[in-house]
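Following: one structure in structure tokens, then a few remarks.
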Amino acid sequence: MGHSKSREWIVMIHGIGGSSSIWFKQIRELRKEFNLILIDLPGHGGNEQGICDDDDRSLFRIARQILMVLDRRQIHAAHFVGISLGTIIIQAVQELSPERVKTMILGGAVERIYKPLLTFLKLMEWIEFLVPYMWLYRMAAYLLMPRKRHAEARRVFIHEAVQLGQKEFFCWYNLLCRELNPFFERKRIYDETPTLYIMGGEDFMFLPTIKTRFYHLKNSQLYIIHKCGHVCNIEREKVFNHRCIDFIRSNDMYSSTAN
């Protein structure tokens, strides 16, 4: 999605079971100032090539595929905005090629698999052939987003997941269980890429870890949206959009490029 005047690009990466369509509340506002690239991760949305079809199933394999998208468009560096799983992929891109990531905006960031969620996912492994896949996915949605005001985000989460399918979901699940914790344990703790965490105050599974981690990063900020759950770009889109735009505007690299 091009912008006639701006030279700045934002790459937007969705969460597990979603697609680029989950940014429907961001596109109009962000397009006013920036060029946008909306990524469909493997097996999601319009990307029919799933990770189940790939012998190399790793976070860095996915990150390299995203860098190839930038290469094809001859974009040296961009701002990255992600939600949930997308925040993990963004950080893998940043570790591979930090010079290509101007800023990271990490919404509903995930940096550990919360123990109750991990227990539930392991239960899913045992009973996946006994009950319909989407029953389990709906249960996971309520576990992540339990309150009445999370209802819209839950609906989007469930609706998009239908397209993912059971086999592909468990390929992603196995990838994350294998790589997520080791990835963050070895990741450089003093990254200098300007980073904004946007978290819902009711994101009970992931907010506690982020509160601890962001203090250890040289150039990071944490903004908590009160009365908001995990999928904060849908639940509180006006605040999310404003924070994204303001953070990119205030970044020195953006100012120097615009001038």
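Going through the structure tokens in order, the chains are called A, B, and so on, while each chain numbers its residues from 1 and the ligands are numbered from 1 in the order shown.
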
### Task
Fewer than 6 positions away in the same chain doesn't count, so skip those; otherwise give me all residues within 6 Å of range 68-85 of chain A, counting only C-alpha atoms, as a PyMOL selection string.
chain A and resi 9-16+100-110

As a PDB file with C-alpha atoms, in the first residue's frame, please: every residue in range 12-91 of chain A that a backbone DSSP assignment puts in alpha helix (DSSP H).
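Writing the result to part11.pdb gives the following:
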ATOM      1  CA  ILE A  27      -4.830   0.813   7.663  1.00  0.00           C
ATOM      2  CA  ARG A  28      -6.761   4.038   7.076  1.00  0.00           C
ATOM      3  CA  GLU A  29      -4.878   6.058   9.699  1.00  0.00           C
ATOM      4  CA  LEU A  30      -1.407   4.730   8.976  1.00  0.00           C
ATOM      5  CA  ARG A  31      -1.774   5.119   5.210  1.00  0.00           C
ATOM      6  CA  LEU A  59      11.707 -18.400  13.336  1.00  0.00           C
ATOM      7  CA  PHE A  60      14.718 -17.301  11.312  1.00  0.00           C
ATOM      8  CA  ARG A  61      13.457 -19.027   8.170  1.00  0.00           C
ATOM      9  CA  ILE A  62      10.261 -16.957   8.438  1.00  0.00           C
ATOM     10  CA  ALA A  63      12.286 -13.822   9.193  1.00  0.00           C
ATOM     11  CA  ARG A  64      14.388 -14.363   6.046  1.00  0.00           C
ATOM     12  CA  GLN A  65      11.216 -14.681   3.978  1.00  0.00           C
ATOM     13  CA  ILE A  66      10.080 -11.275   5.252  1.00  0.00           C
ATOM     14  CA  LEU A  67      13.452  -9.731   4.422  1.00  0.00           C
ATOM     15  CA  MET A  68      13.065 -11.132   0.909  1.00  0.00           C
ATOM     16  CA  VAL A  69       9.799  -9.185   0.603  1.00  0.00           C
ATOM     17  CA  LEU A  70      11.719  -5.991   1.433  1.00  0.00           C
ATOM     18  CA  ASP A  71      14.448  -6.926  -1.045  1.00  0.00           C
ATOM     19  CA  ARG A  72      11.931  -7.353  -3.855  1.00  0.00           C
ATOM     20  CA  LEU A  85       2.980 -13.899  17.401  1.00  0.00           C
ATOM     21  CA  GLY A  86       3.951 -11.126  14.998  1.00  0.00           C
ATOM     22  CA  THR A  87       6.052  -9.507  17.721  1.00  0.00           C
ATOM     23  CA  ILE A  88       8.203 -12.646  17.949  1.00  0.00           C
ATOM     24  CA  ILE A  89       8.777 -12.709  14.189  1.00  0.00           C
ATOM     25  CA  ILE A  90       9.729  -9.027  14.210  1.00  0.00           C
ATOM     26  CA  GLN A  91      12.372  -9.646  16.848  1.00  0.00           C
TER      27      GLN A  91
END

### Query
Could you name the residues that touch range 43-55 of chain A at 10 Å or less, counting only C-alpha atoms, but leaving out those on the same chain fewer than 6 positions away, as a VMD selection string?
chain A and resid 14 to 21 61 to 62 160 to 165 167 to 172 175

### Message
What's around range 196-207 of chain A at 10 Å? Count only C-alpha atoms, leave out sequence neighbours fewer than 4 positions away in its own chain, and write the answer as JSON, numbers by chain.
### Response
{"A": [81, 82, 83, 84, 87, 103, 104, 105, 106, 107, 108, 109, 110, 111, 112, 113, 114, 115, 116, 117, 143, 144, 145, 146, 147, 150, 211, 212, 213, 214, 219, 220, 221, 222, 223, 224, 225, 226, 227, 228, 229, 230, 231, 232, 233, 235, 236, 239, 240, 243, 244, 247, 248]}

Please save C-alpha atoms of the selected residues as an mmCIF file, in the first residue's frame.
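Writing done, so here's again05.cif:
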data_model
loop_
_atom_site.group_PDB
_atom_site.id
_atom_site.type_symbol
_atom_site.label_atom_id
_atom_site.label_comp_id
_atom_site.auth_asym_id
_atom_site.auth_seq_id
_atom_site.Cartn_x
_atom_site.Cartn_y
_atom_site.Cartn_z
ATOM 1 C CA VAL A 81 4.451 -3.248 13.819
ATOM 2 C CA GLY A 82 3.267 -6.587 15.153
ATOM 3 C CA ILE A 83 0.627 -8.137 17.346
ATOM 4 C CA SER A 84 1.067 -11.291 19.468
ATOM 5 C CA THR A 87 6.052 -9.507 17.721
ATOM 6 C CA THR A 103 11.738 0.777 15.045
ATOM 7 C CA MET A 104 9.732 -2.057 16.576
ATOM 8 C CA ILE A 105 6.182 -1.562 17.837
ATOM 9 C CA LEU A 106 5.162 -4.716 19.674
ATOM 10 C CA GLY A 107 1.458 -4.974 20.518
ATOM 11 C CA GLY A 108 0.317 -7.725 22.869
ATOM 12 C CA ALA A 109 3.940 -8.866 22.888
ATOM 13 C CA VAL A 110 4.707 -12.512 23.620
ATOM 14 C CA GLU A 111 8.077 -13.443 25.075
ATOM 15 C CA ARG A 112 7.254 -16.520 27.106
ATOM 16 C CA ILE A 113 4.522 -19.152 26.894
ATOM 17 C CA TYR A 114 2.492 -18.567 30.036
ATOM 18 C CA LYS A 115 2.212 -21.792 32.070
ATOM 19 C CA PRO A 116 -1.625 -22.057 32.103
ATOM 20 C CA LEU A 117 -1.653 -21.562 28.329
ATOM 21 C CA LEU A 143 -8.503 -18.206 27.993
ATOM 22 C CA LEU A 144 -6.588 -15.352 26.343
ATOM 23 C CA MET A 145 -9.478 -12.866 26.218
ATOM 24 C CA PRO A 146 -11.972 -13.737 28.967
ATOM 25 C CA ARG A 147 -13.864 -10.491 29.547
ATOM 26 C CA HIS A 150 -12.757 -8.552 24.704
ATOM 27 C CA LYS A 211 6.910 -5.377 32.500
ATOM 28 C CA THR A 212 10.070 -7.113 33.669
ATOM 29 C CA ARG A 213 11.852 -7.296 30.323
ATOM 30 C CA PHE A 214 11.486 -3.787 28.936
ATOM 31 C CA ASN A 219 15.875 2.143 24.058
ATOM 32 C CA SER A 220 12.429 0.789 24.908
ATOM 33 C CA GLN A 221 9.116 2.122 26.191
ATOM 34 C CA LEU A 222 6.046 0.421 27.605
ATOM 35 C CA TYR A 223 2.554 1.825 27.166
ATOM 36 C CA ILE A 224 -0.269 0.028 28.986
ATOM 37 C CA ILE A 225 -3.842 0.526 27.777
ATOM 38 C CA HIS A 226 -6.178 0.130 30.723
ATOM 39 C CA LYS A 227 -9.402 -1.887 30.397
ATOM 40 C CA CYS A 228 -7.960 -3.667 27.372
ATOM 41 C CA GLY A 229 -6.983 -7.268 26.679
ATOM 42 C CA HIS A 230 -4.428 -9.035 24.513
ATOM 43 C CA VAL A 231 -5.450 -7.905 21.009
ATOM 44 C CA CYS A 232 -5.087 -4.204 21.740
ATOM 45 C CA ASN A 233 -5.047 -3.055 18.103
ATOM 46 C CA GLU A 235 -10.015 -3.404 21.257
ATOM 47 C CA ARG A 236 -8.567 0.111 21.528
ATOM 48 C CA VAL A 239 -5.031 4.646 21.245
ATOM 49 C CA PHE A 240 -3.012 1.997 19.409
ATOM 50 C CA ARG A 243 0.840 5.590 19.829
ATOM 51 C CA CYS A 244 2.229 3.968 16.673
ATOM 52 C CA PHE A 247 6.413 6.796 18.206
ATOM 53 C CA ILE A 248 7.547 6.688 14.575
#

### Query
How far is it from CA of Val156 in chain A to CA of Ile234 in chain A, in Å with one decimal?
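Interatomic distance, CA of Val156 in chain A to CA of Ile234 in chain A: 8.8 Å.
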
### Query
From the list A:Glu192, A:Glu99, A:Glu237, A:Glu179, which residue is nearest Ala153 in chain A when using only C-alpha atoms?
A:Glu237

### Task
Going by DSSP on the backbone, which bits of range 35-217 of chain A are strand (DSSP E or B)? Write them as number ranges by chain, please.
A: 35-39, 78-83, 101-107, 195-200
